[in-house]
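Okay, structure first, notes after.
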Amino acid sequence: MIPVCPLADLPTGESVRIDTAPPIAVFHTDGRLYAIDDTCTHQDASLSDGWLEGCLVECPLHAAAFDLRTGAATCLPARRAVRTHPVTVQDGMIYVHHAAEEGTAA
Amino acid sequence: MKSVAVIGASLAGLYAARALRSQGFEGRLVIVGDECHRPYDRPPLSKGFLTGATTDQGQLALADAEEIAELDAEWLLGTRATGLDTGGRTVLLDGGRSLTTDGVVLATGATPRRLPGPMPAGAHTLRTLDDAQALRADLSSPPVRVVVIGGGFIGAEVASSCAALGHDVTVVEAAPLPLVPQLGHAMAEICSALHADHGVTLLTETGVARLHSGGAGNRVTGVELSDGRVLPAEVVVTGIGVRPNTDWLADSPLPLDDGVLCDAGCVTPLPAVVAVGDVARVNGVRAEHWTSATEQAAVAARNLLAGSTVATHHGLPYFWSDQYGVRLQFAGRRLPTDTPRILEGSPDDRSFLACYERDGHTSAILALNRPRPFMRLRRELATQAFAA
């Protein structure tokens, strides 16, 4: 369980990157929190810098898009999914539960 | 339309093939590529592929086996197109073969310009996977002296990769400052300073007279500059621009002028022939950009299937470059008279967002290591450009 930041520090529409290996991006959108691997599966770019629209995040480099709920790539040039990680809030603090390797979304 | 031939199996060709299928084309699809490789992504070749961060060739693949199967195309790889008949429906291939189809997508890309004279061992250009593999092999040795001829984006990225590998690097640029045509003087000055930040020597306002070579294997030994100086070098990389691959179309009826001339919908004067990517001069502009190639492909496919220009390409020009750990992103249409203004960050930190202004409007934007605000502004700029 990895502490991210206080929920109050991550307003809706915002994202934060945590420097795990590999790094994870946490998003607050649609009243929910999502965590996915931060690196676009197409080319090295940080999805926490991406454009957030509903449950989709668009890569800031080549506009590949991923569904935050499943990690699935929904738009070329990315073809492979990013991993998703469970997120919880305890006592106002956001935590990410690092998914095992086999937790890769389809 | 029962059959289409896509000539060129790189980014633009693959995206055109994808677009044809996704837009409902179910006929015969033939993809001709002069390289023996299936479509791969070129941007990493000057960066991660040279430094070893991208070691697996599979990481470069633009389509996986599943998608290749779904495309249901006939692949003629290692095959060069040599001509197009007057009707634009028969493509001549090397070895005396030919291919007659109802539609043709021209996606033959471009070839690096070379210095006059022979290329000795150790002298490289960088365009293809084979080029990158050859260069990488030459860079895998203990530190050597590398001279990069040309300070544009490819030259800067190669210099950055060579420096990261520990080699001694000099960049030779003919102009007083590199990147001025793309970025304007003030921003070009900032970006060119990245070389010095990382111990790379930048020599400007000097041309190259010839390469010196000798010894066993006739390897390159140095670069003779136009002022007579000789820079010793074990490896030389030339990045002085490209020329579109149109020679094979010389006998066709297509108008050629630094590219295949086509309208804003990527359609040539022959309605059954469209052009995409680096080889296409779309509505007077030839863009050597990754994003343009992918966007043009969808438009060209639509017009080819429609039989006339029903859609046009108005995408906002966009390119990026990774060098010395800095991500540079540019979008828009800048004129030399436009004035750059820093919106946030600082050039000293090599992290800033700048806009180019013309008559109170933003014409283009540039960011160094500021992907998030850059993307927001780029979207705004694209919306304005579309509305205009």
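Residue numbering restarts at 1 for every chain of the structure tokens, chains are lettered A, B, ... in their displayed order, and ligands are numbered from 1 as they appear.
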Env of range 61-66 of chain A: 7 Å cut, atoms = only C-alpha atoms, seq-sep filter 6 positions within chain, self excluded. Answer as a PyMOL selection string. chain A and resi 45+72-78
Kindly save the residues from that selection, with C-alpha atoms included, as a compact mmCIF listing (two decimals), in the first residue's frame.
# COMPACT_ATOMS: atom_id res chain seq x y z
CA ALA A 45 5.47 9.77 -22.01
CA ALA A 72 -7.38 -0.54 -22.11
CA ALA A 73 -5.92 1.47 -24.97
CA THR A 74 -8.89 3.07 -26.72
CA CYS A 75 -7.08 5.06 -29.39
CA LEU A 76 -4.01 4.52 -31.57
CA PRO A 77 -1.04 4.75 -31.56
CA ALA A 78 -1.10 2.77 -28.30
Using only C-alpha atoms, which chain B residues lie at most 7 Å away from chain A, written as a compact mmCIF listing (two decimals) with N, CA and C atoms, in the first residue's frame?
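File produced: iface.txt:
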# COMPACT_ATOMS: atom_id res chain seq x y z
N PRO B 371 4.94 19.26 -20.74
CA PRO B 371 3.94 18.59 -21.59
C PRO B 371 2.50 18.93 -21.25
N ARG B 372 2.20 19.13 -19.97
CA ARG B 372 0.79 19.31 -19.62
C ARG B 372 0.24 20.66 -20.10
N MET B 375 -0.01 20.71 -23.90
CA MET B 375 -1.13 20.00 -24.49
C MET B 375 -2.41 20.82 -24.40
Quick one: DSSP strand (DSSP E or B) residues in range 20-187 of chain B, as a PyMOL selection string? chain B and resi 28-33+40+61+74-77+81-84+90-93+98-100+103-106+110-112+121+123-125+145-149+168-172
Report as number ranges by chain all protein, DNA and RNA residues lying within 8 Å of range 2-16 of chain B, evaluated on only C-alpha atoms, omitting residues in the same chain fewer than 6 positions from it. B: 26-35, 38-41, 62, 77, 81, 99, 101-109, 276-277, 290, 293-294, 296-298, 300-301
With a distance cut-off of 6 Å and only C-alpha atoms, select the neighbouring residues of Ala174 in chain B, excluding the residue or stretch itself and same-chain residues fewer than 3 positions from it, and output the selection as a ChimeraX atom specification. /B:204-207
Just to be explicit: take each residue in the selection above, keep all heavy atoms, and write the result as a PDB file, in the first residue's frame.
ATOM      1  N   THR B 204      29.317  26.358 -35.772  1.00  0.00           N
ATOM      2  CA  THR B 204      28.342  26.895 -36.719  1.00  0.00           C
ATOM      3  C   THR B 204      29.034  27.650 -37.843  1.00  0.00           C
ATOM      4  O   THR B 204      30.239  27.898 -37.798  1.00  0.00           O
ATOM      5  CB  THR B 204      27.362  27.847 -36.004  1.00  0.00           C
ATOM      6  OG1 THR B 204      28.123  28.878 -35.380  1.00  0.00           O
ATOM      7  CG2 THR B 204      26.557  27.105 -34.951  1.00  0.00           C
ATOM      8  N   GLU B 205      28.246  28.016 -38.822  1.00  0.00           N
ATOM      9  CA  GLU B 205      28.710  28.777 -39.984  1.00  0.00           C
ATOM     10  C   GLU B 205      29.887  28.108 -40.679  1.00  0.00           C
ATOM     11  O   GLU B 205      30.823  28.780 -41.110  1.00  0.00           O
ATOM     12  CB  GLU B 205      29.083  30.207 -39.575  1.00  0.00           C
ATOM     13  CG  GLU B 205      27.863  31.079 -39.338  1.00  0.00           C
ATOM     14  CD  GLU B 205      28.219  32.529 -39.154  1.00  0.00           C
ATOM     15  OE1 GLU B 205      28.592  32.898 -38.015  1.00  0.00           O
ATOM     16  OE2 GLU B 205      28.133  33.281 -40.135  1.00  0.00           O
ATOM     17  N   THR B 206      29.812  26.804 -40.756  1.00  0.00           N
ATOM     18  CA  THR B 206      30.852  26.120 -41.513  1.00  0.00           C
ATOM     19  C   THR B 206      30.258  24.929 -42.255  1.00  0.00           C
ATOM     20  O   THR B 206      29.483  24.155 -41.703  1.00  0.00           O
ATOM     21  CB  THR B 206      32.011  25.666 -40.607  1.00  0.00           C
ATOM     22  OG1 THR B 206      32.974  24.998 -41.423  1.00  0.00           O
ATOM     23  CG2 THR B 206      31.563  24.720 -39.512  1.00  0.00           C
ATOM     24  N   GLY B 207      30.604  24.854 -43.524  1.00  0.00           N
ATOM     25  CA  GLY B 207      30.178  23.714 -44.328  1.00  0.00           C
ATOM     26  C   GLY B 207      31.175  22.586 -44.219  1.00  0.00           C
ATOM     27  O   GLY B 207      32.177  22.681 -43.504  1.00  0.00           O
TER      28      GLY B 207
END
Could you pull out the residues in chain A that DSSP calls helix (DSSP H, G or I) from the backbone, as a VMD selection string? chain A and resid 7 to 9 47 to 49 101 to 103
Set the distance at 12 Å and use only C-alpha atoms: which residues neighbour Ser321 in chain B once local chain neighbours fewer than 6 positions away are removed? I'd like the list as a VMD selection string. (chain A and resid 61) or (chain B and resid 43 to 44 46 to 47 152 to 158 160 179 191 289 to 290 327 to 331 366 to 369)
Within 9 Å of Thr86 in chain B, counting only C-alpha atoms, which residues show up once you throw out same-chain ones fewer than 5 positions away? Write them as a list in words, please.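 Contacts, in chain order: Asp251, Ser252, Pro253 and Leu254 of chain B.
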With only C-alpha atoms as the counted atoms, please give the residues lying no more than 12 Å from Gly215 in chain B, apart from itself and same-chain residues fewer than 6 positions off, as a count of residues only. 4
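The gap separating CA of Ile18 in chain A from CA of Asp91 in chain A is 19.5 Å, in Å to one decimal.
Of note, CA of Arg302 in chain B and CA of Leu84 in chain B are spaced 21.7 Å apart.
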